[in-house]
Each structure stands twice: as structure tokens, then as C-alpha cells.
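*Asks:* Sending over a structure as C-alpha cells; questions will come in a sec.
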Amino acid sequence: MQDQLQDLWRVAQGTWDSGVLPSENIILRARSTLITTLPNVGSSLEFVKNHLLHDIVPAFNGGSISPNYYGFITGGVTPAALFADNIVSAYDQNVQVHIGNHSIVTDVEYQALGLLTDLFNLERAQWQNGTFTTGATGSNIIGLACGREFVLQKAAERKGSQLSSVGEHGLFEVLQGLGLSGVQVLSTMPHSSLVKAAGVLGIGRANVRNICLADDPLQFDMTQLEKELARTDKVSIVAISCGEVNTGRFATSGMEQLAQIRQLCDRYGAWIHADGAFGIFARVLEDGEEFSMIKKGCDGIELVDSITGDAHKLLNVPYDCGFFLSRHLDLATHVFKNANAAYLSGGATDGPSIPSPLNIGMENSRRFRALPVYANLLRYGRQGYRDIVKRQVHLARAIYEWIFDHPAYIALPEANSKADLVDQTFMVVLFCAKDDALNQNLPAKINETSRMYVSGTSWQGRPATRIAISNWRVDVERDLELVSSVLAQVAQQ
């Protein structure tokens with residue numbers, strides 16, 4: 001296994017050195033080598049290894065292995081996580097049922113969840129409940145499903161009805177029995193995966209409502225929020241964007257606002273779900289003036305009912321890996337209980353009382369995603385992750401300062417001063433070109449250099465470009481020099 005890891009690492013480094021994106025010729029060559037007809041007789045292992053490593057792998061992009069891939073928030077794969085992930089593949093454990101005398105894998109997952117709560121400064125007694133998922137979509141489906149169960153239970157209590165469990169009776173029957181027209185999700189600039197989750201769960205994409213201030217699309221309009229929560233024809237889940245995807249900014253501004261939202265939700269029987277994505281990692285940073293603005297965006301997150309995040313983002317473990325944490329473990333069991341399969345019940349164990357993962361999440365068959373997480377948390381610890389996140393923030397802020405001062409670009413969202421812009425910057429940089437013609441093709445022009453990769457997006461109806469910094473390899477001085485030189489070059493074209 002060690003030799004194979006070294007081969008993979010050498011090829012990965014070679015791919016990075018050749019550019020963040022493979023050239024068109026490399027992609028065409030790789031495509032031409034693909035086997036299109038199933039052979040009657042299999043090939044040798046040596047042939048398969050060479051084909052994968054030397055024909056196919058060079059045509060991958062550098063999303064994980066390059067520090068200058070700034071498109072999707074991909075993070076990267078650390079050596080510790082890579083090693084652990086290869087163990088996962090070699091031993092192929094199915095983490096589904098907790099049987100303490102059968103395998104330790106569920107114990108590892110349970111402890112990995114505990115280490116995550118430590119990293120995010122959450123109380124283990126409340127938050128060491130949850131599961132690892134495929135990513136944001138899977139985690140948000142679980143979060144909204146638990147929220148749906150909770151708010152309908154609260155509605156049933158108010159009406160004195162025994163018909164409350166969607167997991168048992170189905171959404172249509174419960175809504176009809178309670179005289180409700182539906183469930184709504186109240187949010188501000190929610191991630192697309194949250195909207196997708198609402199569609200999958202029968203809540204409906206159209207019932208994800210944007211409850212924002214007229215002059216700030218991310219901050220909650222508290223008056224409108226209470227009006228929606230008070231509706232008698234619908235029940236509500238409040239979804240808080242803890243790190244909005246375009247700007248990296250936060251939907252709340254401190255403990256006081258979270259406490260106010262908590263009070264309203266308690267009054268009207270609503271569930272609070274925090275889409276932590278990457279923003280929850282702001283809680284890793286130390287207290288102090290430098291990071292005070294972004295840390296306020298995570299203040300009070302311990303008051304919510306469920307938290308989701310992507311480990312394959314800033315935790316820098318391989319795809320696919322997300323996490324779901326909740327203060328209400330029993331609700332997940334109501335929704336996801338694996339019925340009519342007695343052979344999947346856990347056996348007696350002398351260890352901690354750990355629920356079988358198949359009863360608290362969507363999957364019965366599950367990859368051992370927790371092991372790379374466990375390995376990385378041991379490898380870096382709180383201080384190591386603090387250093388990684390600080391470097392990412394410092395690079396984002398340095399790029400914003402350069403863009404703010406450059407005559408060809410506009411830093412977004414527009415701010416009164418450079419200081420205001422920098423103070424609110426976490427690890428995403430949003431900007432556009434002043435020249436409309438250049439702005440229409442700005443992401444493509446940047447990516448054509450193959451020295452870095454950015455994503456195109458929009459802001460307030462105008463095309464924009466986004467730099468998302470998430471890789472553990474960040475070097476502020478080196479990467480700022482590269483980014484600024486590419487942007488200066490493109491501005492002169």
C-alpha cells in the first residue's frame with residue numbers, strides 16, 4: 001500500500017506542476033485511451049495501474065492538489081487523510097450497525113464526532129450526536145427531515161393530535177390530519193443544496209422563503225420572520241447560512257440575534273437548522289480584534305437544533321464526506337429508523353452507548369468516512385487547524401486589498417472603505433471588472449492562464465468572479481504574488 005501511495009503522490013505533484021487545469025491536448029489524449037468495449041479477457045494489474053496513473057490521472061483537474069484552485073470549495077487531501085482513506089478502501093468496512101465485539105468502526109466514528117465538537121467549541125454532552133454523510137446535500141436532507149418531524153410534532157401537541165410522525169405516517173397524512181397546508185423553510189440566500197433537500201423531502205423548493213432585509217440580502221428581517229413563524233396554516237424551519245457561498249459571509253451577527261431567533265422559534269414551535277458548510281470553521285479562530293467580525297457570524301450557533309457541514313471542504317479530507325450534528329438524537333431515530341430488519345440490530349457491548357448509524361441517517365451501506373476525519377483531527381489538532389484557517393483568511397484579505405486598490409476591478413459587495421471590506425472577509429473573494437466586455441468573460445480569461453482557477457457567479461444581477469480559498473497548502477506570500485500577477489495580466493488584455 002505504501003508504494004501505491006507514493007506513486008499516487010508523485011503523479012499528483014506532477015499534475016499540479018503542469019497547471020491547475022489539464023491542457024486540451026492532455027484531455028483529448030486521455031479520452032482517446034479510454035477502453036470503450038468490455039474485454040472478454042481481463043488485463044494484468046500492472047496494465048490497469050499504468051493506464052490509470054499515466055493515461056487518465058493527468059487529465060484530472062487540480063481541485064484538491066493545487067493551492068491555486070479557487071473554484072468549488074474543494075479543500076484538499078492531507079497526507080494523513082490520504083493514508084487513512086487508503087486504509088478505508090483496503091479494509092472496506094461498512095459502518096452501519098454498532099456491534100461492539102464485531103468491529104471498532106462505529107466507536108471511531110463516535111469519537112470523530114466528539115473531536116469535531118471539540119474543534120468547534122461545542123459541548124459534547126449536547127452535540128456528540130450525529131453522523132457522517134456524503135456531503136452538504138445529504139446533511140441538509142437529514143437536517144430538514146429532523147426539523148420537519150419536530151415542527152409537526154409541536155403542531156400536533158398544540159392540536160392534541162396523535163398523528164405527528166412523518167417517518168411513520170407520511171407527510172400528506174400528517175399535514176391533512178393537522179389541517180396544515182405545508183412546511184416552509186425560512187432563510188436568507190440559502191445554498192442550493194438546502195433548496196434541493198427541500199425538494200427531495202416533499203417540502204418543495206417553492207416553500208424555501210427568502211426572509212431578508214430590503215438593503216441586505218443575507219441578514220434576516222426579524223419582523224418578517226416573526227410574521228411567517230406566526231402563520232397558522234404552515235409550520236416553519238429556520239435555516240441559517242453560516243457562510244454564504246458567494247461571499248463567505250454570515251446570516252447572523254452575534255449571540256444577541258441568535259438568541260432572539262431562538263426565542264421566536266421556541267414561541268412558535270419552529271426548528272433552527274444551521275448550514276455550517278465552511279463558515280462554522282470561523283469558530284476555530286482565536287478571540288481578538290483581528291477576527292471579531294467573522295467570529296460574530298458563528299456566535300450563538302450552539303443555540304440551534306441542528307448543524308451541517310462539509311468535511312471535504314475546510315477539514316481537508318477526501319470526497320465524499322459531510323457531517324450532521326444535532327441536539328435531538330431521538331428525532332433522527334423517528335425519521336430514519338431501519339424497520340423490519342431484526343438482523344441489523346446492534347449487539348451487546350461494554351463500550352459507550354452508540355446508536356447504529358443506519359438508524360439515524362439515510363444510508364444502510366456506508367463508507368468509513370470517519371477515519372480520514374479522525375486521522376486529520378489527530379494530525380493537526382486545534383492549533384494546526386487554526387493555523388490553516390488563519391492562512392486562508394489572510395490570503396483572502398490580502399487579495400481583497402489588492403483588488404480594492406486596482407483601477408480595473410471592483411471588490412464586492414461594495415464597501416465604504418477597505419477596512420470595512422477586509423474585516424468582514426472570511427475565505428471568499430468576490431469581484432468584477434469595471435469594463436463590461438472584460439467582465440462578461442473574466443472567469444474564462446483567468447482560467448485560460450491555467451495558473452489558477454476561479455468560478456463565475458453573479459451579484460445583484462451582474463456577472464461576478466469568485467475566489468474561494470480552502471486548501472491546506474495555502475502560502476500567503478507565494479499565492480498572493482501568483483493571484484495578483486494573473487489578475488494584472490488579464491486586466492491588460
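If you're wondering about the labels, chains in the C-alpha cells are A, B, ... by order shown, residues count from 1 in each chain, ligands from 1 in order shown.
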To test your reading of the structure, identify every residue in segment 268-297 of chain A that backbone DSSP assigns to helix (DSSP H, G or I), and report it as a PyMOL selection string.
*Replies:* chain A and resi 268+279-284+292-296
*Asks:* Would you write out, as CSV, a table of all residues in segment 269-322 of chain A that have an atom no more than 12 Å from an atom of segment 350-368 of chain A, listing for each the closest atom pair and the distance in Å to one decimal, considering only C-alpha atoms and ordering rows by chain and rising residue number?
*Replies:*
residue,atom,partner,partner_atom,distance
A:Pro318,CA,A:Phe368,CA,11.7
A:Tyr319,CA,A:Arg367,CA,11.1
A:Asp320,CA,A:Arg367,CA,9.3
A:Cys321,CA,A:Arg367,CA,9.5
A:Gly322,CA,A:Arg367,CA,12.0
*Asks:* Keeping only C-alpha atoms, write the selected residues as a compact mmCIF listing (two decimals), in the first residue's frame.
*Replies:*
# COMPACT_ATOMS: atom_id res chain seq x y z
CA PRO A 318 -11.32 13.37 0.59
CA TYR A 319 -14.66 13.42 -1.11
CA ASP A 320 -17.19 12.43 -0.12
CA CYS A 321 -17.65 13.50 3.48
CA GLY A 322 -20.13 15.74 5.26
*Asks:* Quick one: everything within 8 Å of Lys296 of chain A, counting only C-alpha atoms, minus sequence neighbours fewer than 5 positions away in the same chain. Send it as a VMD selection string.
*Replies:* chain A and resid 252 to 255
*Asks:* Can you write just those residues out, all heavy atoms, as a PDB file, in the first residue's frame?
*Replies:*
ATOM      1  N   THR A 252     -26.189  35.843  10.394  1.00  0.00           N
ATOM      2  CA  THR A 252     -26.453  36.421  11.705  1.00  0.00           C
ATOM      3  C   THR A 252     -25.202  37.133  12.197  1.00  0.00           C
ATOM      4  O   THR A 252     -24.089  36.880  11.725  1.00  0.00           O
ATOM      5  CB  THR A 252     -26.877  35.345  12.722  1.00  0.00           C
ATOM      6  OG1 THR A 252     -25.894  34.300  12.748  1.00  0.00           O
ATOM      7  CG2 THR A 252     -28.220  34.740  12.333  1.00  0.00           C
ATOM      8  N   SER A 253     -25.380  38.019  13.158  1.00  0.00           N
ATOM      9  CA  SER A 253     -24.282  38.899  13.557  1.00  0.00           C
ATOM     10  C   SER A 253     -23.956  38.826  15.045  1.00  0.00           C
ATOM     11  O   SER A 253     -23.455  39.788  15.613  1.00  0.00           O
ATOM     12  CB  SER A 253     -24.631  40.346  13.189  1.00  0.00           C
ATOM     13  OG  SER A 253     -25.866  40.723  13.778  1.00  0.00           O
ATOM     14  N   GLY A 254     -24.244  37.689  15.670  1.00  0.00           N
ATOM     15  CA  GLY A 254     -23.836  37.573  17.062  1.00  0.00           C
ATOM     16  C   GLY A 254     -24.838  36.841  17.925  1.00  0.00           C
ATOM     17  O   GLY A 254     -25.945  36.496  17.501  1.00  0.00           O
ATOM     18  N   MET A 255     -24.432  36.615  19.159  1.00  0.00           N
ATOM     19  CA  MET A 255     -25.240  35.870  20.119  1.00  0.00           C
ATOM     20  C   MET A 255     -26.604  36.506  20.341  1.00  0.00           C
ATOM     21  O   MET A 255     -27.625  35.811  20.455  1.00  0.00           O
ATOM     22  CB  MET A 255     -24.484  35.756  21.443  1.00  0.00           C
ATOM     23  CG  MET A 255     -25.280  35.113  22.569  1.00  0.00           C
ATOM     24  SD  MET A 255     -25.700  33.380  22.258  1.00  0.00           S
ATOM     25  CE  MET A 255     -24.138  32.605  22.704  1.00  0.00           C
TER      26      MET A 255
END
*Asks:* Rank nothing, just name the residue among A:Gly100, A:Gly288, A:Gly456, A:Pro79 nearest to Phe431 of chain A, using only C-alpha atoms.
*Replies:* A:Gly456
*Asks:* Residues near Asp118 of chain A, anyone? I mean within 12 Å using only C-alpha atoms, not counting same-chain ones fewer than 6 positions away, as a list in words.
*Replies:* Gln111, Ala112, Arg124, Ala125, Gln126, Trp127, Gln128, Phe281, Arg283, Val284, Leu377, Leu378, Gly381 and Arg382 of chain A
*Asks:* Take the residues from that selection and write them out as a short mmCIF file (atom, residue, chain, number, x, y, z; two decimals), in the first residue's frame, keeping all heavy atoms.
*Replies:*
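What landed in out_14.cif:
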data_model
loop_
_atom_site.label_atom_id
_atom_site.label_comp_id
_atom_site.auth_asym_id
_atom_site.auth_seq_id
_atom_site.Cartn_x
_atom_site.Cartn_y
_atom_site.Cartn_z
N GLN A 111 -16.17 8.79 18.20
CA GLN A 111 -15.12 9.65 18.74
C GLN A 111 -14.74 10.76 17.77
O GLN A 111 -14.42 11.88 18.19
CB GLN A 111 -13.89 8.81 19.11
CG GLN A 111 -14.12 7.82 20.24
CD GLN A 111 -14.65 8.48 21.51
OE1 GLN A 111 -14.38 9.64 21.79
NE2 GLN A 111 -15.43 7.72 22.29
N ALA A 112 -14.80 10.49 16.47
CA ALA A 112 -14.53 11.53 15.48
C ALA A 112 -15.56 12.64 15.58
O ALA A 112 -15.22 13.84 15.48
CB ALA A 112 -14.51 10.93 14.07
N ARG A 124 -19.86 18.57 24.21
CA ARG A 124 -20.06 17.19 23.80
C ARG A 124 -21.37 16.61 24.34
O ARG A 124 -22.04 15.84 23.66
CB ARG A 124 -18.90 16.32 24.29
CG ARG A 124 -17.67 16.40 23.45
CD ARG A 124 -16.84 15.16 23.66
NE ARG A 124 -15.54 15.25 23.01
CZ ARG A 124 -14.82 14.19 22.67
NH1 ARG A 124 -15.27 12.97 22.96
NH2 ARG A 124 -13.65 14.32 22.08
N ALA A 125 -21.72 16.96 25.55
CA ALA A 125 -22.92 16.40 26.16
C ALA A 125 -24.16 16.67 25.31
O ALA A 125 -25.10 15.88 25.29
CB ALA A 125 -23.10 16.96 27.56
N GLN A 126 -24.15 17.81 24.61
CA GLN A 126 -25.29 18.17 23.77
C GLN A 126 -25.11 17.76 22.32
O GLN A 126 -26.07 17.38 21.65
CB GLN A 126 -25.54 19.68 23.83
CG GLN A 126 -26.19 20.18 25.10
CD GLN A 126 -26.63 21.62 24.94
OE1 GLN A 126 -25.87 22.46 24.47
NE2 GLN A 126 -27.85 21.92 25.34
N TRP A 127 -23.88 17.82 21.81
CA TRP A 127 -23.67 17.78 20.37
C TRP A 127 -22.98 16.53 19.85
O TRP A 127 -22.85 16.39 18.63
CB TRP A 127 -22.88 19.02 19.94
CG TRP A 127 -23.71 20.26 20.00
CD1 TRP A 127 -23.69 21.23 20.95
CD2 TRP A 127 -24.70 20.66 19.05
NE1 TRP A 127 -24.60 22.21 20.66
CE2 TRP A 127 -25.24 21.89 19.49
CE3 TRP A 127 -25.18 20.10 17.86
CZ2 TRP A 127 -26.23 22.56 18.79
CZ3 TRP A 127 -26.17 20.77 17.16
CH2 TRP A 127 -26.69 21.99 17.62
N GLN A 128 -22.54 15.62 20.71
CA GLN A 128 -21.89 14.42 20.18
C GLN A 128 -22.95 13.42 19.72
O GLN A 128 -22.94 12.24 20.04
CB GLN A 128 -20.96 13.78 21.22
CG GLN A 128 -19.97 12.79 20.61
CD GLN A 128 -18.99 12.23 21.63
OE1 GLN A 128 -19.04 12.60 22.81
NE2 GLN A 128 -18.10 11.37 21.20
N PHE A 281 -16.13 26.91 10.48
CA PHE A 281 -14.71 26.85 10.80
C PHE A 281 -14.18 28.19 11.33
O PHE A 281 -13.06 28.26 11.85
CB PHE A 281 -13.91 26.40 9.59
CG PHE A 281 -14.00 24.92 9.35
CD1 PHE A 281 -15.07 24.39 8.66
CD2 PHE A 281 -13.04 24.06 9.84
CE1 PHE A 281 -15.19 23.02 8.46
CE2 PHE A 281 -13.14 22.70 9.64
CZ PHE A 281 -14.22 22.17 8.96
N ARG A 283 -15.17 29.35 13.94
CA ARG A 283 -15.11 29.11 15.38
C ARG A 283 -13.75 28.57 15.81
O ARG A 283 -13.44 28.54 17.01
CB ARG A 283 -16.22 28.15 15.80
CG ARG A 283 -17.60 28.75 15.71
CD ARG A 283 -18.70 27.75 16.07
NE ARG A 283 -18.70 27.39 17.48
CZ ARG A 283 -19.40 27.99 18.43
NH1 ARG A 283 -20.13 29.07 18.13
NH2 ARG A 283 -19.37 27.56 19.68
N VAL A 284 -12.94 28.14 14.86
CA VAL A 284 -11.60 27.63 15.17
C VAL A 284 -10.65 28.78 15.51
O VAL A 284 -9.68 28.61 16.26
CB VAL A 284 -11.06 26.80 13.99
CG1 VAL A 284 -9.64 26.33 14.24
CG2 VAL A 284 -11.98 25.62 13.70
N LEU A 377 -7.87 15.13 12.43
CA LEU A 377 -8.02 15.83 13.70
C LEU A 377 -6.89 15.48 14.66
O LEU A 377 -6.43 16.33 15.43
CB LEU A 377 -9.38 15.51 14.31
CG LEU A 377 -10.58 16.13 13.58
CD1 LEU A 377 -11.89 15.53 14.06
CD2 LEU A 377 -10.60 17.65 13.76
N LEU A 378 -6.42 14.25 14.60
CA LEU A 378 -5.25 13.87 15.40
C LEU A 378 -3.99 14.53 14.87
O LEU A 378 -3.14 14.98 15.64
CB LEU A 378 -5.08 12.35 15.41
CG LEU A 378 -6.13 11.51 16.12
CD1 LEU A 378 -5.71 10.05 16.13
CD2 LEU A 378 -6.33 11.99 17.55
N GLY A 381 -4.85 18.79 15.14
CA GLY A 381 -5.33 19.33 16.40
C GLY A 381 -5.93 20.71 16.23
O GLY A 381 -6.02 21.26 15.13
N ARG A 382 -6.32 21.30 17.33
CA ARG A 382 -6.94 22.63 17.28
C ARG A 382 -5.98 23.68 16.71
O ARG A 382 -6.34 24.48 15.87
CB ARG A 382 -7.39 23.05 18.68
CG ARG A 382 -8.22 24.33 18.68
CD ARG A 382 -8.50 24.80 20.11
NE ARG A 382 -9.06 23.74 20.93
CZ ARG A 382 -10.35 23.40 20.93
NH1 ARG A 382 -11.19 24.02 20.13
NH2 ARG A 382 -10.78 22.44 21.72
#
*Asks:* Hey, which of A:Val428, A:Ala375, A:Ala136, A:Ile280 ends up closest to Ile301 of chain A? Count only C-alpha atoms.
*Replies:*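 Counting only C-alpha atoms, the residue closest to Ile301 of chain A is A:Ile280.
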*Asks:* In terms of the shortest atom-to-atom distance over only C-alpha atoms, which of A:Ala332, A:Leu115, A:Leu180, A:Leu285 is closest to Gln383 of chain A?
*Replies:*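 Nearest candidate to Gln383 of chain A out of A:Ala332, A:Leu115, A:Leu180, A:Leu285: A:Leu285.
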*Asks:* Take atom CA of Leu201 of chain A and atom CA of Val174 of chain A and report the distance between them in Å, one decimal.
*Replies:* 14.0 Å
*Asks:* Using DSSP on the backbone coordinates, identify all residues within segment 46-231 of chain A classified as strand (DSSP E); present the result as a PyMOL selection string.
*Replies:* chain A and resi 69-70+130-133+182-187+208-210+212-213+216-220
